[in-house]
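This report refers to the structure that appears directly beneath it.
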2 protein chains.
Amino acid sequence: MTSSLHHRAIENLGTRIISGELPAGHIMLAENLEDELKVSRSVIREAVRVLQSLGLVETTKRVGIRVLPPSRWNPFDPQVIRWRLASKARGAQLRSLAELRSAVEPAAAELAAQNAPAPLRLELVDVAHAMRDSGHRGDVPRFLELDIQFHSLLLSGSGNEMFANLMGQVAETLTGRTVHGLMPDHPHEAALQWHVDVAEAIARGDAGAAREASDKIMRRTMSQMSDTWTEQPRVFIPVHR
Amino acid sequence: MTSSLHHRAIENLGTRIISGELPAGHIMLAENLEDELKVSRSVIREAVRVLQSLGLVETTKRVGIRVLPPSRWNPFDPQVIRWRLASKARGAQLRSLAELRSAVEPAAAELAAQNAPAPLRLELVDVAHAMRDSGHRGDVPRFLELDIQFHSLLLSGSGNEMFANLMGQVAETLTGRTVHGLMPDHPHEAALQWHVDVAEAIARGDAGAAREASDKIMRRTMSQMSDTWTEQPRVFIPVHR
DNA sequence: GAGTTTTGATGTCTGCACACATCGGTGTCA
DNA sequence: TGACACCGATGTGTGCAGACATCAAAACTC
């Protein structure tokens with residue numbers, strides 16, 4: 001039921017708020033939204049409740065439904081991320097995700113070396129080797145698939161559910177990078193070897209080596225991508241409570 | 001309006017699902033919930049919609065409202081985190097947050113050294129010095145307050161809204177650590193100095209030094225806290241989609 | 001066993017009563 | 001006359017009740 005009225009209402013409003021079409025402070029009335037989206041009150045009310053829980057709007061009696069500023073949005077919500085990726089802030093969102101990834105993956109590698117279940121370690125080694133093979137062959141689609149699987153296994157193997165939850169976002173950034181032609185047909189040999197190093201370090205429980213090799217991958221990835229988001233404005237969220 | 005029926009319904013169901021009282025696969029009917037919580041259908045429906053967006057339940061026609069397994073929950077949602085902190089999984093949640101912090105803060109320090117606005121850098125130095133003073137005086141409440149402010153400024157100064165969003169959770173863990181008597185009256189001198197080092201490195205734009213000093217803080221914090229969550233079971237989220 | 005019908009739950013719509021923040025008018029006092 | 005406190009009118013979200021639509025699971029038919 002991905003196309004219920006409720007879902008479409010959320011999609012419509014979420015997209016428009018995050019795109020900036022409905023700016024912070026803008027006030028809507030439930031009644032107007034009913035007319036505009038041609039749906040009933042219950043649909044609008046349920047949609048607004050969801051947007052409220054995402055920090056996109058707040059409701060006040062006698063005033064209406066007020067759009068909240070970006071600093072109030074929940075930047076970790078998958079829907080919010082998706083909407084931002086579809087907006088002008090796509091570059092900034094990709095940068096945020098990449099920065100988060102480079103922070104998290106080395107830590108995940110370290111944890112995976114300490115905690116991952118044995119079968120997962122073996123699979124990680126297999127995938128790393130298969131990555132190297134498909135990289136040498138120049139099989140880009142297969143490489144992408146394995147790349148996603150490798151990093152998913154890594155995050156999953158950390159045993160930290162927050163890290164594991166980033167799998168979806170990572171897949172998104174890797175796919176985006178490939179689709180936008182930012183990946184060469186033949187990945188750098190060193191990067192391929194680093195993936196193998198990470199997997200083998202995890203397999204033998206060497207946390208330090210796993211982190212270090214993962215860190216190399218992420219630093220290379222960041223330096224590769226940083227060109228693409230040159231001069232995306234940074235937003236500094238005020239610290240005050 | 002934090003005590004609306006809608007809000008209370010969410011709180012009731014969210015707490016019971018995350019505590020495990022309503023296990024994964026458990027099926028509820030909207031009608032039964034109306035009776036049980038003594039509220040109307042619209043309140044139940046709006047609450048269920050929000051829980052659905054958090055990944056706690058799914059609705060199926062002809063079946064009802066099904067509770068989803070923890071692997072489907074959004075582990076970054078502030079409400080989910082709060083509910084987990086109030087459940088038996090409190091230890092596991094604190095560990096997850098601590099692991100996330102240790103991954104993110106050194107990266108945030110590095111970014112802050114490159115991007116933070118000048119006034120924030122100055123404030124960071126002031127706060128670090130004030131921390132050292134209150135630490136020497138043994139003024140625990142004041143130290144906690146400054147500690148929270150320091151780490152909030154650091155995350156905010158990174159200019160990454162995802163990092164900045166972790167401020168609230170960090171405050172929670174720091175407060176929890178103090179409340180539970182895990183903090184000595186006089187923090188270790190080295191840790192105090194590391195905070196000053198982070199601040200001064202950021203102030204002069206030395207990203208490497210900022211990361212390194214922050215990493216020292218986080219490694220010490222982790223080794224301090226790891227005792228408290230001895231043998232919390234780890235959950236490995238399956239990688240397959 | 002495959003195809004069809006029935007059933008029962010959510011999805012959607014509507015009208016109504018209520019709570020309550022805001023605004024503007026009224027009255028009081030200096 | 002002007003400033004200020006009070007108070008009621010107004011408008012909007014919140015909550016309720018009941019109806020019909022929809023659609024997928026389950027039961028049934030062949």
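Quick note on naming: the chains in the structure tokens go A, B, ... in the order shown, residues restart at 1 in each chain, and ligands are numbered from 1 in order of appearance.
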
Residues of chain A within 9 Å of chain C: nearest atom pair and distance (Å, one decimal) for each, counting only C-alpha atoms (C1' of nucleotides), sorted by chain and number, as a tab-separated table?
```
residue	atom	partner	partner_atom	distance
A:Ser4	CA	C:DG11	C1'	8.3
A:Leu5	CA	C:DT12	C1'	8.7
A:Val39	CA	C:DT12	C1'	8.6
A:Ser40	CA	C:DC13	C1'	6.1
A:Arg41	CA	C:DC13	C1'	8.1
A:Ser42	CA	C:DT12	C1'	7.6
A:Val43	CA	C:DT12	C1'	7.6
A:Thr60	CA	C:DA21	C1'	8.3
A:Lys61	CA	C:DA21	C1'	6.3
A:Arg62	CA	C:DA21	C1'	5.7
A:Val63	CA	C:DA21	C1'	8.0
```

Legend entry - Distance-based interface of chain A with chain B, 9 Å, counting only C-alpha atoms, as number ranges by chain: A: 1, 42, 45-47, 49-54, 60, 71, 74-78, 92, 95-97, 99-100, 102-108, 115-117, 149, 152-153, 155-165, 167, 234-241

Inset, instruction - Give me, as a ChimeraX atom specification, the contact residues of chain D against chain B at a cut-off of 7 Å, counting only C-alpha atoms (C1' of nucleotides). - result: /D:16,24-25

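On the backbone of this structure, DSSP gives strand (DSSP E) within range 1-240 of chain B to Ile27, Met28, Val57, Glu58, Thr59, Thr60, Gly64, Ile65, Arg66 and Val67 of chain B.
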
Dump all heavy atoms for the selected residues as a compact mmCIF listing (two decimals), in the first residue's frame?
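Output saved as again-v3.txt:
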```txt
# COMPACT_ATOMS: atom_id res chain seq x y z
N ILE B 27 -0.26 -9.33 16.98
CA ILE B 27 -1.22 -8.60 16.16
C ILE B 27 -2.29 -7.96 17.02
O ILE B 27 -2.88 -8.61 17.89
CB ILE B 27 -1.83 -9.54 15.11
CG1 ILE B 27 -0.78 -9.82 14.04
CG2 ILE B 27 -3.08 -8.93 14.49
CD1 ILE B 27 -1.24 -10.73 12.95
N MET B 28 -2.52 -6.67 16.76
CA MET B 28 -3.55 -5.93 17.49
C MET B 28 -4.61 -5.47 16.50
O MET B 28 -4.34 -5.30 15.33
CB MET B 28 -2.93 -4.72 18.17
CG MET B 28 -1.77 -5.08 19.08
SD MET B 28 -0.87 -3.62 19.64
CE MET B 28 -0.07 -3.08 18.16
N VAL B 57 5.43 -0.82 13.80
CA VAL B 57 4.31 -1.67 13.40
C VAL B 57 4.08 -1.55 11.90
O VAL B 57 4.59 -0.63 11.25
CB VAL B 57 2.99 -1.27 14.12
CG1 VAL B 57 3.15 -1.33 15.61
CG2 VAL B 57 2.54 0.11 13.67
N GLU B 58 3.32 -2.51 11.37
CA GLU B 58 2.81 -2.36 10.00
C GLU B 58 1.35 -2.76 10.03
O GLU B 58 0.92 -3.55 10.88
CB GLU B 58 3.60 -3.22 9.02
CG GLU B 58 3.38 -4.72 9.19
CD GLU B 58 4.20 -5.54 8.21
OE1 GLU B 58 4.91 -4.97 7.38
OE2 GLU B 58 4.13 -6.79 8.31
N THR B 59 0.58 -2.21 9.12
CA THR B 59 -0.85 -2.54 9.08
C THR B 59 -1.13 -3.32 7.81
O THR B 59 -0.58 -3.03 6.75
CB THR B 59 -1.71 -1.27 9.09
OG1 THR B 59 -1.43 -0.52 7.93
CG2 THR B 59 -1.46 -0.44 10.32
N THR B 60 -1.96 -4.33 7.94
CA THR B 60 -2.38 -5.12 6.78
C THR B 60 -3.88 -5.30 6.84
O THR B 60 -4.44 -5.63 7.89
CB THR B 60 -1.71 -6.50 6.79
OG1 THR B 60 -0.31 -6.34 7.08
CG2 THR B 60 -1.86 -7.19 5.45
N GLY B 64 -4.70 -6.78 10.58
CA GLY B 64 -4.64 -5.91 11.74
C GLY B 64 -3.33 -5.16 11.80
O GLY B 64 -2.69 -4.92 10.78
N ILE B 65 -2.93 -4.81 13.02
CA ILE B 65 -1.72 -4.04 13.24
C ILE B 65 -0.67 -4.98 13.80
O ILE B 65 -0.82 -5.49 14.91
CB ILE B 65 -2.00 -2.89 14.22
CG1 ILE B 65 -3.10 -1.98 13.65
CG2 ILE B 65 -0.74 -2.11 14.51
CD1 ILE B 65 -3.87 -1.23 14.71
N ARG B 66 0.38 -5.23 13.03
CA ARG B 66 1.38 -6.21 13.42
C ARG B 66 2.62 -5.52 13.99
O ARG B 66 3.15 -4.58 13.39
CB ARG B 66 1.77 -7.06 12.21
CG ARG B 66 2.81 -8.14 12.53
CD ARG B 66 3.23 -8.90 11.29
NE ARG B 66 2.16 -9.70 10.73
CZ ARG B 66 1.56 -9.50 9.56
NH1 ARG B 66 1.94 -8.48 8.81
NH2 ARG B 66 0.61 -10.28 9.13
N VAL B 67 3.07 -5.99 15.13
CA VAL B 67 4.30 -5.47 15.73
C VAL B 67 5.50 -6.01 14.96
O VAL B 67 5.57 -7.21 14.68
CB VAL B 67 4.40 -5.89 17.21
CG1 VAL B 67 5.72 -5.42 17.80
CG2 VAL B 67 3.22 -5.33 18.00
```

Inset, instruction - List every residue of range 54-241 of chain B that DSSP, applied to the backbone of this structure, assigns to helix (DSSP H, G or I), and report them as a ChimeraX atom specification. - result: /B:70-72,78-85,90-115,118-137,140-157,161-165,167-179,189-203,207-225
